Each structure stands twice: as structure tokens, then as C-alpha cells.
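Beneath this line is the structure, given in C-alpha cells, with notes to follow.
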Amino acid sequence: MAATAEVLQRTAPLYDRVRRVIPPIEWPVFAEDVDAIIALKRRRNAVVLAHNYQTPEIFHCVADLVGDSLALARMAARTDAEVIVLAGVHFMAETAKLLNPDKTVLIPDLEAGCSLAESITAADVRLMRQRYPGVPIVTYVNTSAAVKAESDICCTSGNARAVVESLGAERVIMLPDAYLARNVAAETDVEIIAWSGHCEVHERFTPAEIRQLREDHPGIVVLAHPECPPEVVAEADYSGSTAGMTDYVGAHKPPRVVLLTECSMSDNVAVAHPDVDFIRPCNLCPHMKRITLGNIRQALADNRHVVTIDPAVTPRARQAVERMLAV
């Protein structure tokens, strides 16, 4: 349903933020939900935490806190809100619940999953510990709470190397992203034993694609997420987390740039950098795109869907996340 004139007037300042990436014809469709979500947040003392892969109308217009997985974990630990809506995938909502056991955490769509989280189980981690006794286990936050509970410490793409080196071990097990593990191994003297998981978004990028981009767009700066294959990272000008990519664009202001990551990332960064030309060959995350303004509104209105975690795994999973936040 298109917004009324009154709603359009109230939401006009929000549209000003995103007019470069959302056509005027689309805004009346978004404005009604945006306006309702803002009212519901006030009524319920709620905040929306949005990952960098959310679409601009979510990221820039209804989110209170935004960032990569590490930033969202830190923000979740500090918020005073009574209700947290996680505009992201399920493992992120679980992490928010681990850090806020007494608060209501909502995920707008229960099917918003993650190929990495689905690539490993708690039983797999226990088998790895049996196979490599005494070797510490670093688990990427892109995993279930049950997997985190079997780990010694968590990491994100933004702090993986620091976490690995903080353990003071000659070798560590790093789960579940094989490419992230290999990319971290190239930056440290610590021997890393990897699992075989991959991100369905980042594994599709190729070195040939980068070479074609450089041919088609001379002088382009290529930024790659460390979940990309190592040969892709080697071809890029910079590799880092989504927060790292954002900071790079802000610090270096490349005239033309491509972000080898999920599609919405470029749109969200472009809002703050109108002087940068973003080339957009990207890969869509179908799980992130399950989160919409409509189901965020429903989550707040109907308390859908409340995130719960098995009490048997909660203390150990929380400890692994808190250890990461302390690094």
C-alpha cells in the first residue's frame, strides 16, 4: 500500500538519505512500513540492528545500529533497549540473545539462514577436538550457538587474525570457512587446520572476474571480503571485513571501486560517498534478502519470531563470544 501524503511528509528526511540509491517511484511503497516501524520502536522500547548486507531502506531508514558481525555483537552487548530486532541472519540473532539473555530478541524471518552455519554441527566440532587433542578451536560467528558452545573462542572476519594470535598456540583449528582460514593462514605464522565450509555469496567470485573488471574499468580499486577464495584475495587491492571495506572507501576515496561481497553493501556505502563511482558486479545473499521492511514491522507488531537458545549450550556459547569481544 502506498503511503499517504502525511506519511510521506514525516519520512521525507529519511528518503533524503537514500535518494541516490532508491528511485522516487519506490519510496511511497517503503514509507508506510518505515513510518510504522519507527512508531513501533518507540512504543516497545526496541532497536533494530542491521547488518551491512541489508537493503538501504532498512539499513539507512529504520536501523538504529548497523555494522558487520563484530560490530553488531558489540552493539548487542551494550544496548539498553528491551527488544532487539535483528535485521540479518539467524546466527546473528542468536549472538544477540547470548549477550542479552534477559531481553526479547526477534528475527523477522526464521528461514534467514547461512550456508556457513549449515556446513557444520556441534558433533563435527567434537570430532575435530578428538582428532586434534589440545588444539584450540576458533569458530567463526557465522555458526549456530550449539557449534559456538563446542569452541574455545569465536571470531569474525574483522578480527580473525587477532583472535588466532591471541591464543599463543603454534596451531589452531579454525571453523567453518575454509577460505577465511586460508586467508588468515597467509597472514600469520600460526598453523591453521581448516574445515570445508564456504559462503555461497563469496565463493562465486573469481580472479578472471577481477581481471575483466580491471580491463573494463581502468584504475578501478578492487576490495574483496576474506570469505572469498585466496586467489581472489590475491588479485584484489585490499581484503577486509565489510567494516574494513567501508573504512577503506572513506579513508582513500578511490574514484572508482568494486566491493566483492553481497549486493547491498555497495548501495549502503555509496550513500555516504557520492563522489565515488561504485561498480556493482555482486552476488546476492538469498538469506539476507528474506528480511524486509514488512516482516520487521510484523516482528515488532506481533512479537515474531522470538529467538530462544537451548539452556544446555547457552553458557558455553556465551563464553566463546565474550572471549572474542575481550580480544
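In the C-alpha cells, chains take letters A, B, ... by order of appearance, with residues numbered from 1 within each chain and ligands from 1 in the order shown.
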
Just the residues within 9 Å of range 257-263 of chain A, please, counting only C-alpha atoms, with nothing from its chain fewer than 4 positions along; format it as a PyMOL selection string.
chain A and resi 52-53+55+201-202+205+213+219-225+227-228+242+245+249+253+267+276-285

Let's see if you can do this: from backbone DSSP, list all strand (DSSP E) residues in range 47-237 of chain A, as an MDAnalysis selection string.
chainID A and resid 47:51 65:67 83:87 104:106 137:140 153:155 171:175 191:194 221:224

Export of prior selection with N, CA, C and O atoms as a tab-separated table (two decimals), in the first residue's frame:
```
chain	number	residue	atom	x	y	z
A	47	VAL	N	15.06	-1.63	19.44
A	47	VAL	CA	16.05	-1.19	18.47
A	47	VAL	C	16.13	-2.22	17.35
A	47	VAL	O	15.87	-3.40	17.56
A	48	VAL	N	16.48	-1.73	16.17
A	48	VAL	CA	16.74	-2.61	15.04
A	48	VAL	C	18.24	-2.60	14.78
A	48	VAL	O	18.84	-1.54	14.57
A	49	LEU	N	18.84	-3.78	14.83
A	49	LEU	CA	20.25	-3.96	14.48
A	49	LEU	C	20.31	-4.51	13.06
A	49	LEU	O	19.69	-5.55	12.78
A	50	ALA	N	21.00	-3.84	12.16
A	50	ALA	CA	21.02	-4.25	10.76
A	50	ALA	C	22.43	-4.52	10.28
A	50	ALA	O	23.34	-3.70	10.47
A	51	HIS	N	22.61	-5.66	9.65
A	51	HIS	CA	23.90	-6.00	9.06
A	51	HIS	C	24.12	-5.18	7.79
A	51	HIS	O	23.18	-4.70	7.16
A	65	LEU	N	21.24	0.65	14.83
A	65	LEU	CA	22.65	0.26	14.93
A	65	LEU	C	22.97	-0.59	13.71
A	65	LEU	O	22.23	-1.52	13.38
A	66	VAL	N	24.08	-0.28	13.05
A	66	VAL	CA	24.44	-1.00	11.83
A	66	VAL	C	25.92	-1.38	11.88
A	66	VAL	O	26.71	-0.76	12.58
A	67	GLY	N	26.26	-2.44	11.12
A	67	GLY	CA	27.67	-2.81	11.06
A	67	GLY	C	27.86	-4.24	10.60
A	67	GLY	O	26.92	-4.91	10.15
A	83	VAL	N	13.77	-4.64	23.61
A	83	VAL	CA	13.55	-5.53	22.47
A	83	VAL	C	14.59	-5.25	21.41
A	83	VAL	O	14.86	-4.09	21.08
A	84	ILE	N	15.17	-6.33	20.88
A	84	ILE	CA	16.14	-6.22	19.79
A	84	ILE	C	15.58	-6.96	18.58
A	84	ILE	O	15.24	-8.14	18.67
A	85	VAL	N	15.46	-6.25	17.47
A	85	VAL	CA	15.10	-6.89	16.20
A	85	VAL	C	16.38	-7.00	15.38
A	85	VAL	O	17.03	-5.99	15.10
A	86	LEU	N	16.73	-8.23	15.03
A	86	LEU	CA	17.97	-8.44	14.28
A	86	LEU	C	17.64	-8.53	12.79
A	86	LEU	O	17.07	-9.52	12.32
A	87	ALA	N	17.97	-7.49	12.07
A	87	ALA	CA	17.81	-7.48	10.61
A	87	ALA	C	19.08	-8.08	10.02
A	87	ALA	O	20.02	-7.38	9.65
A	104	THR	N	14.18	-9.50	24.94
A	104	THR	CA	13.49	-10.16	23.83
A	104	THR	C	14.26	-9.88	22.54
A	104	THR	O	14.48	-8.71	22.19
A	105	VAL	N	14.67	-10.94	21.87
A	105	VAL	CA	15.35	-10.80	20.58
A	105	VAL	C	14.46	-11.43	19.52
A	105	VAL	O	13.99	-12.57	19.67
A	106	LEU	N	14.21	-10.67	18.46
A	106	LEU	CA	13.32	-11.12	17.39
A	106	LEU	C	14.08	-11.25	16.08
A	106	LEU	O	14.95	-10.42	15.77
A	137	ILE	N	40.18	-24.34	19.42
A	137	ILE	CA	39.23	-24.22	18.31
A	137	ILE	C	38.68	-22.79	18.25
A	137	ILE	O	38.08	-22.29	19.21
A	138	VAL	N	38.91	-22.15	17.10
A	138	VAL	CA	38.38	-20.81	16.82
A	138	VAL	C	37.21	-20.98	15.86
A	138	VAL	O	37.36	-21.54	14.78
A	139	THR	N	36.06	-20.51	16.27
A	139	THR	CA	34.86	-20.68	15.45
A	139	THR	C	34.35	-19.33	14.98
A	139	THR	O	34.17	-18.40	15.78
A	140	TYR	N	34.15	-19.23	13.69
A	140	TYR	CA	33.58	-18.05	13.07
A	140	TYR	C	32.20	-17.81	13.66
A	140	TYR	O	31.46	-18.75	13.94
A	153	ILE	N	36.79	-20.12	21.39
A	153	ILE	CA	36.62	-18.69	21.18
A	153	ILE	C	36.03	-18.48	19.80
A	153	ILE	O	36.24	-19.28	18.88
A	154	CYS	N	35.29	-17.41	19.64
A	154	CYS	CA	34.74	-17.05	18.33
A	154	CYS	C	35.60	-15.98	17.67
A	154	CYS	O	36.45	-15.35	18.31
A	155	CYS	N	35.34	-15.76	16.39
A	155	CYS	CA	35.99	-14.66	15.67
A	155	CYS	C	35.04	-14.17	14.59
A	155	CYS	O	34.05	-14.81	14.28
A	171	ARG	N	49.44	-23.93	16.62
A	171	ARG	CA	48.44	-24.22	15.62
A	171	ARG	C	47.06	-24.18	16.24
A	171	ARG	O	46.89	-24.43	17.44
A	172	VAL	N	46.07	-23.86	15.42
A	172	VAL	CA	44.69	-23.78	15.89
A	172	VAL	C	43.79	-24.42	14.83
A	172	VAL	O	44.15	-24.54	13.66
A	173	ILE	N	42.62	-24.84	15.27
A	173	ILE	CA	41.56	-25.27	14.37
A	173	ILE	C	40.67	-24.07	14.12
A	173	ILE	O	40.27	-23.37	15.06
A	174	MET	N	40.36	-23.80	12.84
A	174	MET	CA	39.52	-22.65	12.51
A	174	MET	C	38.33	-23.13	11.69
A	174	MET	O	38.50	-23.72	10.62
A	175	LEU	N	37.12	-22.87	12.19
A	175	LEU	CA	35.89	-23.40	11.61
A	175	LEU	C	34.90	-22.26	11.34
A	175	LEU	O	34.91	-21.27	12.06
A	191	GLU	N	49.96	-22.22	12.50
A	191	GLU	CA	49.43	-23.24	11.61
A	191	GLU	C	47.92	-23.35	11.83
A	191	GLU	O	47.46	-23.47	12.97
A	192	ILE	N	47.17	-23.32	10.75
A	192	ILE	CA	45.71	-23.34	10.85
A	192	ILE	C	45.15	-24.59	10.20
A	192	ILE	O	45.43	-24.88	9.04
A	193	ILE	N	44.37	-25.32	10.96
A	193	ILE	CA	43.66	-26.50	10.46
A	193	ILE	C	42.24	-26.05	10.13
A	193	ILE	O	41.52	-25.53	11.00
A	194	ALA	N	41.84	-26.23	8.88
A	194	ALA	CA	40.57	-25.66	8.41
A	194	ALA	C	39.49	-26.71	8.26
A	194	ALA	O	39.76	-27.90	8.10
A	221	VAL	N	39.67	0.21	-8.17
A	221	VAL	CA	40.21	-0.38	-6.95
A	221	VAL	C	39.29	-1.53	-6.54
A	221	VAL	O	38.07	-1.35	-6.45
A	222	VAL	N	39.90	-2.68	-6.30
A	222	VAL	CA	39.14	-3.90	-6.01
A	222	VAL	C	39.28	-4.25	-4.52
A	222	VAL	O	40.40	-4.46	-4.04
A	223	LEU	N	38.16	-4.30	-3.81
A	223	LEU	CA	38.14	-4.67	-2.40
A	223	LEU	C	37.42	-6.01	-2.28
A	223	LEU	O	36.31	-6.17	-2.79
A	224	ALA	N	38.05	-6.98	-1.61
A	224	ALA	CA	37.49	-8.33	-1.51
A	224	ALA	C	37.29	-8.73	-0.06
A	224	ALA	O	38.14	-8.47	0.80
```

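Of the residues under consideration (A:Ala39, A:Ala71, A:Val271, A:Val141), A:Val141 shows the shortest atom-to-atom contact distance to Leu98 in chain A when counting only C-alpha atoms.
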
Do you know which residues are at most 9 Å from Leu70 in chain A counting only C-alpha atoms, after dropping those on the same chain fewer than 5 positions away, and could you put them as a PyMOL selection string?
chain A and resi 75+141+155-159+243+325

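Between CA of Gly113 in chain A and CA of Val321 in chain A the separation is 19.2 Å.
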
From a backbone DSSP assignment, name each residue in range 85-311 of chain A labelled helix (DSSP H, G or I), as a count of residues only.
96

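Nearest to Glu26 in chain A of all the residues A:Ala46, A:Ala320, A:Ala3, A:Val89 is A:Ala3, counting only C-alpha atoms.
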
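Distances from A:Thr4, A:Arg10, A:Arg17, A:Ile296 to Val29 in chain A were compared using only C-alpha atoms, and the smallest one belongs to A:Thr4.
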
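The two atoms in question, CA of Ser241 in chain A and CA of Met265 in chain A, are spaced 11.2 Å apart.
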
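For the residues A:Val184, A:Val327, A:Thr308, A:Met288, ranking by smallest atom-to-atom distance to Ala96 in chain A using only C-alpha atoms places A:Thr308 first.
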
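With only C-alpha atoms taken into account, the protein and nucleic acid residues at most 12 Å from Leu110 in chain A (excluding it and anything under 6 positions from it in its own chain) are Leu86, Ala87, Gly88, Val89, His90, Phe91, Met92, Ala93, Glu94, His287, Met288, Arg290, Ile291, Asn295, Ile296, Ala299, Arg304, His305, Val306, Val307 and Thr308 of chain A.
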
Just write the chosen residues, N, CA and C atoms, as a compact mmCIF listing (two decimals), in the first residue's frame.
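Writing the result to out.txt gives the following:
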```txt
# COMPACT_ATOMS: atom_id res chain seq x y z
N LEU A 86 16.73 -8.23 15.03
CA LEU A 86 17.97 -8.44 14.28
C LEU A 86 17.64 -8.53 12.79
N ALA A 87 17.97 -7.49 12.07
CA ALA A 87 17.81 -7.48 10.61
C ALA A 87 19.08 -8.08 10.02
N GLY A 88 19.08 -9.38 9.96
CA GLY A 88 20.23 -10.14 9.49
C GLY A 88 19.84 -11.60 9.49
N VAL A 89 20.81 -12.48 9.63
CA VAL A 89 20.50 -13.91 9.58
C VAL A 89 20.47 -14.50 10.99
N HIS A 90 20.06 -15.76 11.07
CA HIS A 90 19.70 -16.35 12.36
C HIS A 90 20.86 -16.40 13.35
N PHE A 91 22.08 -16.72 12.88
CA PHE A 91 23.17 -16.81 13.84
C PHE A 91 23.44 -15.46 14.50
N MET A 92 23.19 -14.37 13.79
CA MET A 92 23.37 -13.04 14.38
C MET A 92 22.34 -12.80 15.48
N ALA A 93 21.11 -13.23 15.25
CA ALA A 93 20.08 -13.09 16.28
C ALA A 93 20.43 -13.94 17.50
N GLU A 94 20.95 -15.14 17.27
CA GLU A 94 21.38 -15.98 18.39
C GLU A 94 22.49 -15.30 19.19
N HIS A 287 19.49 -15.35 1.83
CA HIS A 287 19.07 -15.39 3.24
C HIS A 287 18.90 -13.98 3.79
N MET A 288 19.87 -13.10 3.53
CA MET A 288 19.75 -11.72 3.98
C MET A 288 18.52 -11.05 3.37
N ARG A 290 15.72 -12.23 2.80
CA ARG A 290 14.45 -12.64 3.41
C ARG A 290 13.96 -11.60 4.41
N ILE A 291 14.87 -10.73 4.86
CA ILE A 291 14.49 -9.68 5.80
C ILE A 291 13.99 -8.48 5.00
N ASN A 295 8.40 -7.60 7.14
CA ASN A 295 8.48 -8.55 8.25
C ASN A 295 9.17 -7.98 9.48
N ILE A 296 9.94 -6.91 9.33
CA ILE A 296 10.41 -6.19 10.52
C ILE A 296 9.22 -5.56 11.25
N ALA A 299 7.34 -8.27 12.96
CA ALA A 299 8.06 -8.74 14.14
C ALA A 299 7.77 -7.85 15.35
N ARG A 304 7.14 -11.41 16.64
CA ARG A 304 7.60 -12.52 15.81
C ARG A 304 9.05 -12.28 15.42
N HIS A 305 9.84 -13.24 15.35
CA HIS A 305 9.82 -14.57 15.97
C HIS A 305 10.82 -14.51 17.11
N VAL A 306 10.41 -14.92 18.30
CA VAL A 306 11.27 -14.82 19.48
C VAL A 306 12.39 -15.85 19.38
N VAL A 307 13.61 -15.37 19.56
CA VAL A 307 14.79 -16.24 19.49
C VAL A 307 15.03 -16.88 20.85
N THR A 308 15.12 -18.19 20.86
CA THR A 308 15.46 -18.93 22.07
C THR A 308 16.66 -19.82 21.80
```

12 Å contact set for Ala5 in chain A, only C-alpha atoms, chain neighbours under 4 positions out, as a ChimeraX atom specification
/A:9-12,28,31-32

Mind pulling up the distance from CA of Pro230 in chain A to CA of Ala122 in chain A?
26.7 Å
